[in-house]
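Here is final_20.cif, consisting of mmCIF, C-alpha atoms:
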data_upload
#
loop_
_atom_site.label_atom_id
_atom_site.label_comp_id
_atom_site.auth_asym_id
_atom_site.auth_seq_id
_atom_site.Cartn_x
_atom_site.Cartn_y
_atom_site.Cartn_z
CA MET A 135 110.01 207.22 191.11
CA ASP A 136 106.87 208.65 189.49
CA LEU A 137 108.11 211.99 188.19
CA PHE A 138 105.26 212.91 185.88
CA ASN A 139 102.91 213.47 188.80
CA ILE A 140 104.95 216.61 189.56
CA ILE A 141 103.68 218.43 186.47
CA GLU A 142 100.20 217.01 187.00
CA LYS A 143 100.08 218.74 190.40
CA VAL A 144 101.31 221.99 188.85
CA ARG A 145 98.70 221.76 186.10
CA ALA A 146 95.98 221.18 188.68
CA ASP A 147 96.95 223.99 191.07
CA LYS A 148 98.37 226.59 188.63
CA PRO A 149 100.80 228.20 191.11
CA LEU A 150 102.29 231.66 190.64
CA ILE A 151 105.99 231.36 189.72
CA HIS A 152 108.22 234.40 190.19
CA CYS A 153 111.04 234.58 187.63
CA ILE A 154 113.84 237.13 187.76
CA THR A 155 115.70 236.42 184.56
CA SER A 156 117.45 237.98 181.60
CA PRO A 157 115.31 240.15 179.30
CA ILE A 158 117.00 238.23 176.48
CA ALA A 159 114.99 235.14 177.45
CA ILE A 160 112.08 236.53 179.43
CA ASN A 161 109.35 235.87 176.84
CA ASP A 162 110.34 232.24 176.28
CA CYS A 163 110.65 231.68 180.02
CA ALA A 164 107.15 233.02 180.63
CA ASN A 165 105.73 230.90 177.82
CA LEU A 166 107.38 227.74 179.14
CA VAL A 167 106.01 228.32 182.65
CA LEU A 168 102.54 228.77 181.13
CA ILE A 169 102.96 225.60 179.08
CA ALA A 170 103.94 223.74 182.25
CA GLY A 171 100.60 224.75 183.78
CA ALA A 172 101.78 227.50 186.14
CA ARG A 173 101.37 231.28 186.07
CA PRO A 174 104.55 233.32 185.48
CA ILE A 175 105.29 236.75 186.84
CA MET A 176 108.52 238.38 185.73
CA ALA A 177 108.74 241.24 188.25
CA GLU A 178 112.19 242.60 189.01
CA HIS A 179 111.80 246.06 190.59
CA PRO A 180 113.53 246.01 194.00
CA GLU A 181 110.60 247.78 195.68
CA GLU A 182 108.01 245.14 194.70
CA VAL A 183 109.75 241.79 194.48
CA SER A 184 109.61 240.86 198.16
CA GLY A 185 105.82 240.91 198.30
CA ILE A 186 105.48 239.12 194.97
CA THR A 187 107.89 236.37 195.99
CA ALA A 188 106.03 235.90 199.27
CA MET A 189 102.82 234.95 197.43
CA ALA A 190 104.52 232.72 194.85
CA GLY A 191 104.77 228.94 194.68
CA GLY A 192 108.34 229.02 193.39
CA LEU A 193 111.18 231.43 192.62
CA SER A 194 113.76 231.34 189.83
CA VAL A 195 116.63 233.84 189.79
CA SER A 196 119.25 234.13 187.09
CA LEU A 197 122.53 236.02 187.04
CA ALA A 198 122.33 236.48 183.26
CA ASN A 199 122.58 240.05 181.95
CA ILE A 200 122.83 241.33 185.53
CA THR A 201 122.04 244.98 186.35
CA ASP A 202 122.16 246.99 189.57
CA ALA A 203 118.40 246.67 190.04
CA ARG A 204 118.30 242.97 189.20
CA ALA A 205 121.24 242.23 191.50
CA ARG A 206 119.35 243.84 194.39
CA SER A 207 116.11 242.10 193.49
CA VAL A 208 117.73 238.66 193.32
CA LEU A 209 118.86 238.94 196.94
CA ILE A 210 115.68 240.62 198.18
CA SER A 211 113.54 237.92 196.59
CA GLY A 212 115.81 235.14 197.77
CA ASN A 213 115.60 236.28 201.37
CA ALA A 214 111.82 236.71 201.14
CA ALA A 215 111.54 233.19 199.74
CA PHE A 216 113.72 231.79 202.52
CA PHE A 217 111.62 233.35 205.26
CA LYS A 218 108.32 232.38 203.61
CA GLY A 219 109.38 228.85 202.71
CA VAL A 220 109.07 229.43 198.95
CA PRO A 221 111.28 226.94 197.02
CA LYS A 222 113.89 228.57 194.82
CA VAL A 223 116.50 227.93 192.15
CA ILE A 224 119.50 230.05 191.20
CA ASP A 225 121.09 229.90 187.75
CA LEU A 226 124.81 230.69 187.90
CA VAL A 227 125.04 232.31 184.47
CA GLY A 228 128.42 233.92 183.87
CA ILE A 229 130.06 233.40 187.27
CA THR A 230 133.21 232.15 185.52
CA CYS A 231 133.84 235.52 183.87
CA SER A 232 132.45 237.99 186.40
CA LYS A 233 133.48 238.48 190.02
CA LEU A 234 130.27 240.46 190.55
CA ARG A 235 128.14 237.47 189.57
CA MET A 236 130.23 235.05 191.63
CA ASP A 237 129.89 237.30 194.68
CA ILE A 238 126.10 237.50 194.24
CA ALA A 239 125.93 233.73 193.84
CA ASP A 240 127.97 233.10 196.99
CA ARG A 241 125.82 235.51 198.97
CA PHE A 242 122.56 234.07 197.63
CA ILE A 243 123.61 230.52 198.50
CA LYS A 244 124.69 231.46 202.02
CA GLU A 245 121.77 233.75 202.87
CA CYS A 246 118.87 232.30 200.91
CA ARG A 247 119.73 228.58 200.90
CA PRO A 248 118.30 227.67 197.49
CA GLU A 249 116.77 224.26 197.01
CA VAL A 250 118.46 224.05 193.60
CA ILE A 251 121.70 225.47 192.21
CA LYS A 252 122.03 225.20 188.41
CA GLY A 253 124.83 225.98 186.01
CA ASN A 254 126.73 224.62 183.08
CA VAL A 255 129.75 222.42 183.78
CA SER A 256 132.20 225.34 183.85
CA GLU A 257 129.98 227.34 186.20
CA ILE A 258 129.50 224.40 188.56
CA ARG A 259 133.25 223.73 188.56
CA ALA A 260 133.88 227.39 189.42
CA LEU A 261 131.35 227.26 192.26
CA LEU A 262 133.04 224.14 193.65
CA GLY A 263 136.44 225.81 193.54
CA LEU A 264 137.73 223.53 190.77
CA SER A 265 139.78 224.62 187.78
CA HIS A 266 137.61 225.72 184.88
CA ASP A 267 137.96 226.79 181.27
CA SER A 268 135.46 229.43 180.27
CA SER A 269 135.58 232.95 178.87
CA GLY A 270 131.86 233.65 178.65
CA VAL A 271 128.53 232.10 179.53
CA ASP A 272 129.15 228.77 177.78
CA THR A 273 130.96 225.67 178.98
CA GLY A 274 134.65 225.94 178.16
CA PRO A 275 136.06 223.42 175.66
CA MET A 276 138.35 221.84 178.26
CA ASP A 277 135.46 221.41 180.73
CA LYS A 278 133.06 219.61 178.41
CA ILE A 279 132.08 216.10 179.48
CA THR A 280 130.74 213.81 176.77
CA ALA A 281 127.97 211.32 177.40
CA GLY A 282 130.43 208.45 177.00
CA ASP A 283 132.91 209.80 179.55
CA ASP A 284 131.67 207.80 182.54
CA PRO A 285 134.76 208.52 184.71
CA GLY A 286 134.43 212.25 184.01
CA VAL A 287 130.74 212.21 184.87
CA ARG A 288 131.34 210.38 188.14
CA LYS A 289 134.28 212.56 189.18
CA LEU A 290 132.29 215.77 188.84
CA LEU A 291 129.23 214.22 190.46
CA LEU A 292 131.25 213.22 193.53
CA ALA A 293 132.38 216.83 193.99
CA MET A 294 128.81 218.04 193.44
CA ARG A 295 127.49 215.56 196.01
CA ASP A 296 129.97 216.79 198.61
CA PHE A 297 128.97 220.42 198.02
CA SER A 298 125.32 219.47 198.15
CA GLU A 299 125.81 217.70 201.47
CA LYS A 300 127.35 220.86 202.93
CA THR A 301 124.74 223.31 201.59
CA GLY A 302 121.56 221.24 201.43
CA SER A 303 121.03 222.33 197.81
CA VAL A 304 120.54 220.00 194.87
CA LEU A 305 123.13 220.76 192.18
CA LEU A 306 122.49 220.49 188.45
CA ALA A 307 125.31 220.72 185.89
CA THR A 308 124.06 220.97 182.31
CA GLY A 309 125.82 219.87 179.16
CA GLU A 310 125.85 217.02 176.66
CA VAL A 311 124.86 214.95 179.66
CA ASP A 312 123.11 216.67 182.58
CA MET A 313 124.34 215.71 186.05
CA ALA A 314 122.45 216.12 189.32
CA ALA A 315 123.38 215.41 192.91
CA ASP A 316 121.90 215.83 196.34
CA GLY A 317 123.78 215.05 199.54
CA LYS A 318 123.29 211.30 199.14
CA THR A 319 122.73 210.33 195.50
CA MET A 320 124.12 211.14 192.04
CA TRP A 321 122.24 211.07 188.74
CA ARG A 322 122.73 211.55 185.02
CA ILE A 323 120.09 212.62 182.51
CA ASP A 324 120.84 211.71 178.90
CA ASN A 325 118.01 213.55 177.18
CA GLY A 326 118.49 216.55 174.92
CA SER A 327 119.45 217.77 171.46
CA PRO A 328 122.60 219.61 170.33
CA ALA A 329 120.32 222.14 168.61
CA MET A 330 119.16 223.39 172.02
CA SER A 331 122.54 225.03 172.61
CA TYR A 332 122.00 227.21 169.52
CA VAL A 333 118.73 228.71 170.77
CA THR A 334 119.29 231.65 173.10
CA GLY A 335 117.77 231.28 176.54
CA THR A 336 117.19 227.53 176.82
CA GLY A 337 119.18 227.46 180.06
CA CYS A 338 117.08 230.25 181.55
CA MET A 339 113.96 228.45 180.37
CA MET A 340 114.96 225.29 182.21
CA SER A 341 115.62 227.25 185.41
CA CYS A 342 112.11 228.68 185.32
CA LEU A 343 110.71 225.24 184.58
CA ILE A 344 112.53 223.88 187.63
CA ALA A 345 111.01 226.64 189.77
CA ALA A 346 107.54 225.62 188.62
CA MET A 347 108.25 221.94 189.25
CA LEU A 348 109.55 222.71 192.74
CA TYR A 349 105.93 223.45 193.58
CA GLY A 350 104.94 219.95 192.54
CA GLY A 351 107.70 217.87 194.10
CA GLY A 352 110.95 217.73 196.04
CA PRO A 353 114.10 219.45 194.74
CA LEU A 354 115.78 216.34 193.35
CA GLU A 355 112.60 215.12 191.67
CA ALA A 356 111.96 218.59 190.21
CA VAL A 357 115.48 218.72 188.78
CA LEU A 358 115.39 215.23 187.29
CA PHE A 359 111.97 215.75 185.74
CA SER A 360 112.71 219.22 184.36
CA SER A 361 116.03 218.23 182.83
CA SER A 362 114.59 215.10 181.25
CA VAL A 363 111.28 216.51 180.00
CA PHE A 364 112.87 219.60 178.44
CA GLY A 365 115.52 217.40 176.84
CA ILE A 366 112.84 215.09 175.44
CA ALA A 367 111.09 218.10 173.92
CA GLY A 368 114.40 219.01 172.28
CA GLU A 369 114.79 215.50 170.88
CA LEU A 370 111.28 215.49 169.45
CA ALA A 371 111.42 219.02 168.04
CA ASP A 372 112.05 219.14 164.30
CA ASP A 373 115.20 221.08 163.38
CA SER A 374 115.14 220.15 159.69
CA GLN A 375 113.72 223.58 158.73
CA GLY A 376 116.38 225.49 160.67
CA LEU A 377 116.90 226.78 164.19
CA GLY A 378 114.07 229.32 164.04
CA SER A 379 111.56 226.56 163.42
CA PHE A 380 113.28 224.36 166.00
CA HIS A 381 112.78 227.12 168.58
CA ILE A 382 109.03 227.05 168.01
CA HIS A 383 108.89 223.27 167.79
CA LEU A 384 110.64 223.06 171.16
CA LEU A 385 107.74 224.90 172.76
CA ASP A 386 105.29 222.86 170.69
CA GLU A 387 106.70 219.60 172.02
CA MET A 388 106.57 220.84 175.60
CA SER A 389 102.92 221.76 175.16
CA LEU A 390 102.18 218.32 173.70
CA MET A 391 104.04 216.36 176.39
CA THR A 392 102.17 213.43 177.91
CA ARG A 393 102.93 210.84 180.54
CA ASP A 394 103.31 208.20 177.83
CA LYS A 395 105.85 210.27 175.91
CA PHE A 396 107.82 211.09 179.05
CA GLU A 397 107.97 207.49 180.21
CA LYS A 398 108.91 206.27 176.72
CA TYR A 399 111.79 208.68 176.10
CA SER A 400 113.10 209.60 179.56
CA ARG A 401 116.69 208.51 180.20
CA ILE A 402 117.50 209.08 183.85
CA SER A 403 119.92 206.82 185.69
CA GLU A 404 121.53 206.81 189.11
CA VAL A 405 125.32 206.83 189.21
CA ILE A 406 126.77 204.58 191.89
#

Go ahead and render the structure in this file as structure tokens.
Amino acid sequence: MDLFNIIEKVRADKPLIHCITSPIAINDCANLVLIAGARPIMAEHPEEVSGITAMAGGLSVSLANITDARARSVLISGNAAFFKGVPKVIDLVGITCSKLRMDIADRFIKECRPEVIKGNVSEIRALLGLSHDSSGVDTGPMDKITAGDDPGVRKLLLAMRDFSEKTGSVLLATGEVDMAADGKTMWRIDNGSPAMSYVTGTGCMMSCLIAAMLYGGGPLEAVLFSSSVFGIAGELADDSQGLGSFHIHLLDEMSLMTRDKFEKYSRISEVI
């Protein structure tokens, strides 16, 4: 599976990527999309988003820091993307602690049929109707799955694969180990750095990166590449000077990413 050609196509074509995300992370998200070779637009007014989505090469919507206007725009854009064939990803931020966000997520999935559904382990468990332990936007302590917990990884992946088979969406659960499933296969991605969880907005950044990569490849390939390449950047970023410097180095490493680096450090494996 040649995953790096996905970003090469994006770099060559420079597609417009529409991102409706939290203002907390909007600047970093836009910068990451630019670094990936695409052109970000962060429009969220309900009266303009339909037309903007229709001309885009990918759509990312996030439920983070939801407002009345953003809630409307998420669904308007999602429906426009569905009818225009624009690939889309939804980030399930906060659905474990907010009925409003869960209701929007359920409606978006049913109406807009996203190619990718992303969340942390607690959010994915909540979406699947499984018990979950979370009181905010982070994975709950009881839900965390360590990289060495092979049975835990496989158990969640099986549930994700079943949901994916029913909806047609690729699911991505992020954590110490990222887990992805489509209706047929299950995968784990073991790239990343613990420091990434201490930089606000890295989850939103990955969602926007996925949206850009959806232009360059299929949903599963876009998810596997985005999770791995962003994790590699985290591994290579220098956190010795503190988290502020790490934040900048994370973007530096993404901008310096090459095929050789990706192929050297990528740790993606199929779970049977």

Applying the PyMOL selection byres ((chain A and resi 305) around 8) to the file I just gave you, which residues come out? Please list them as a ChimeraX atom specification.
/A:250-252,294-295,298,303-304,306-307,314-316

Would you export the selected residues with C-alpha atoms as a PDB file, keeping the file's coordinate frame, please?
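Everything below was put into part22.pdb:
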ATOM      1  CA  VAL A 250     118.460 224.050 193.600  1.00  0.00           C
ATOM      2  CA  ILE A 251     121.700 225.470 192.210  1.00  0.00           C
ATOM      3  CA  LYS A 252     122.030 225.200 188.410  1.00  0.00           C
ATOM      4  CA  MET A 294     128.810 218.040 193.440  1.00  0.00           C
ATOM      5  CA  ARG A 295     127.490 215.560 196.010  1.00  0.00           C
ATOM      6  CA  SER A 298     125.320 219.470 198.150  1.00  0.00           C
ATOM      7  CA  SER A 303     121.030 222.330 197.810  1.00  0.00           C
ATOM      8  CA  VAL A 304     120.540 220.000 194.870  1.00  0.00           C
ATOM      9  CA  LEU A 306     122.490 220.490 188.450  1.00  0.00           C
ATOM     10  CA  ALA A 307     125.310 220.720 185.890  1.00  0.00           C
ATOM     11  CA  ALA A 314     122.450 216.120 189.320  1.00  0.00           C
ATOM     12  CA  ALA A 315     123.380 215.410 192.910  1.00  0.00           C
ATOM     13  CA  ASP A 316     121.900 215.830 196.340  1.00  0.00           C
TER      14      ASP A 316
END

Do a neighbour search on Tyr399 in chain A at 12 Å with only C-alpha atoms, toss out local chain neighbours closer than 2 positions, and write the hits as a ChimeraX atom specification.
/A:323-326,359,362-370,391-397,401-402

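For the file shown, the residue list from the PyMOL selection byres ((chain A and resi 350) around 8) reads Asn139, Ile140, Ile141, Glu142, Lys143, Val144, Ala346, Met347, Leu348, Tyr349, Gly351, Gly352 and Ala356 of chain A.
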
Store the residues picked out above, limited to C-alpha atoms, as a CSV table (one decimal), in the coordinates of the input.
chain,number,residue,atom,x,y,z
A,139,ASN,CA,102.9,213.5,188.8
A,140,ILE,CA,105.0,216.6,189.6
A,141,ILE,CA,103.7,218.4,186.5
A,142,GLU,CA,100.2,217.0,187.0
A,143,LYS,CA,100.1,218.7,190.4
A,144,VAL,CA,101.3,222.0,188.8
A,346,ALA,CA,107.5,225.6,188.6
A,347,MET,CA,108.2,221.9,189.2
A,348,LEU,CA,109.6,222.7,192.7
A,349,TYR,CA,105.9,223.4,193.6
A,351,GLY,CA,107.7,217.9,194.1
A,352,GLY,CA,111.0,217.7,196.0
A,356,ALA,CA,112.0,218.6,190.2

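Rounded to one decimal, CA of Ala214 in chain A and CA of Ala198 in chain A lie 20.7 Å from each other.
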
Please compute the CA of Cys231 in chain A-CA of Asn165 in chain A distance, one decimal, in Å.
29.1 Å

Mind giving me the straight-line distance from CA of Ala260 in chain A to CA of Asp162 in chain A in Å, one decimal?
27.4 Å

Give the answer as one residue: which of A:Met330, A:Leu385, A:Leu209, A:Ile229 has the shortest atom-to-atom distance to Asp267 in chain A, using only C-alpha atoms?
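Nearest to Asp267 in chain A: A:Ile229.
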
List as number ranges by chain the protein and nucleic acid residues near Asp202 in chain A, meaning an atom at most 12 Å away when all atoms listed in the file are counted, but skip any in the same chain fewer than 5 places from it.
A: 178-180, 197, 207-209, 234-235, 238
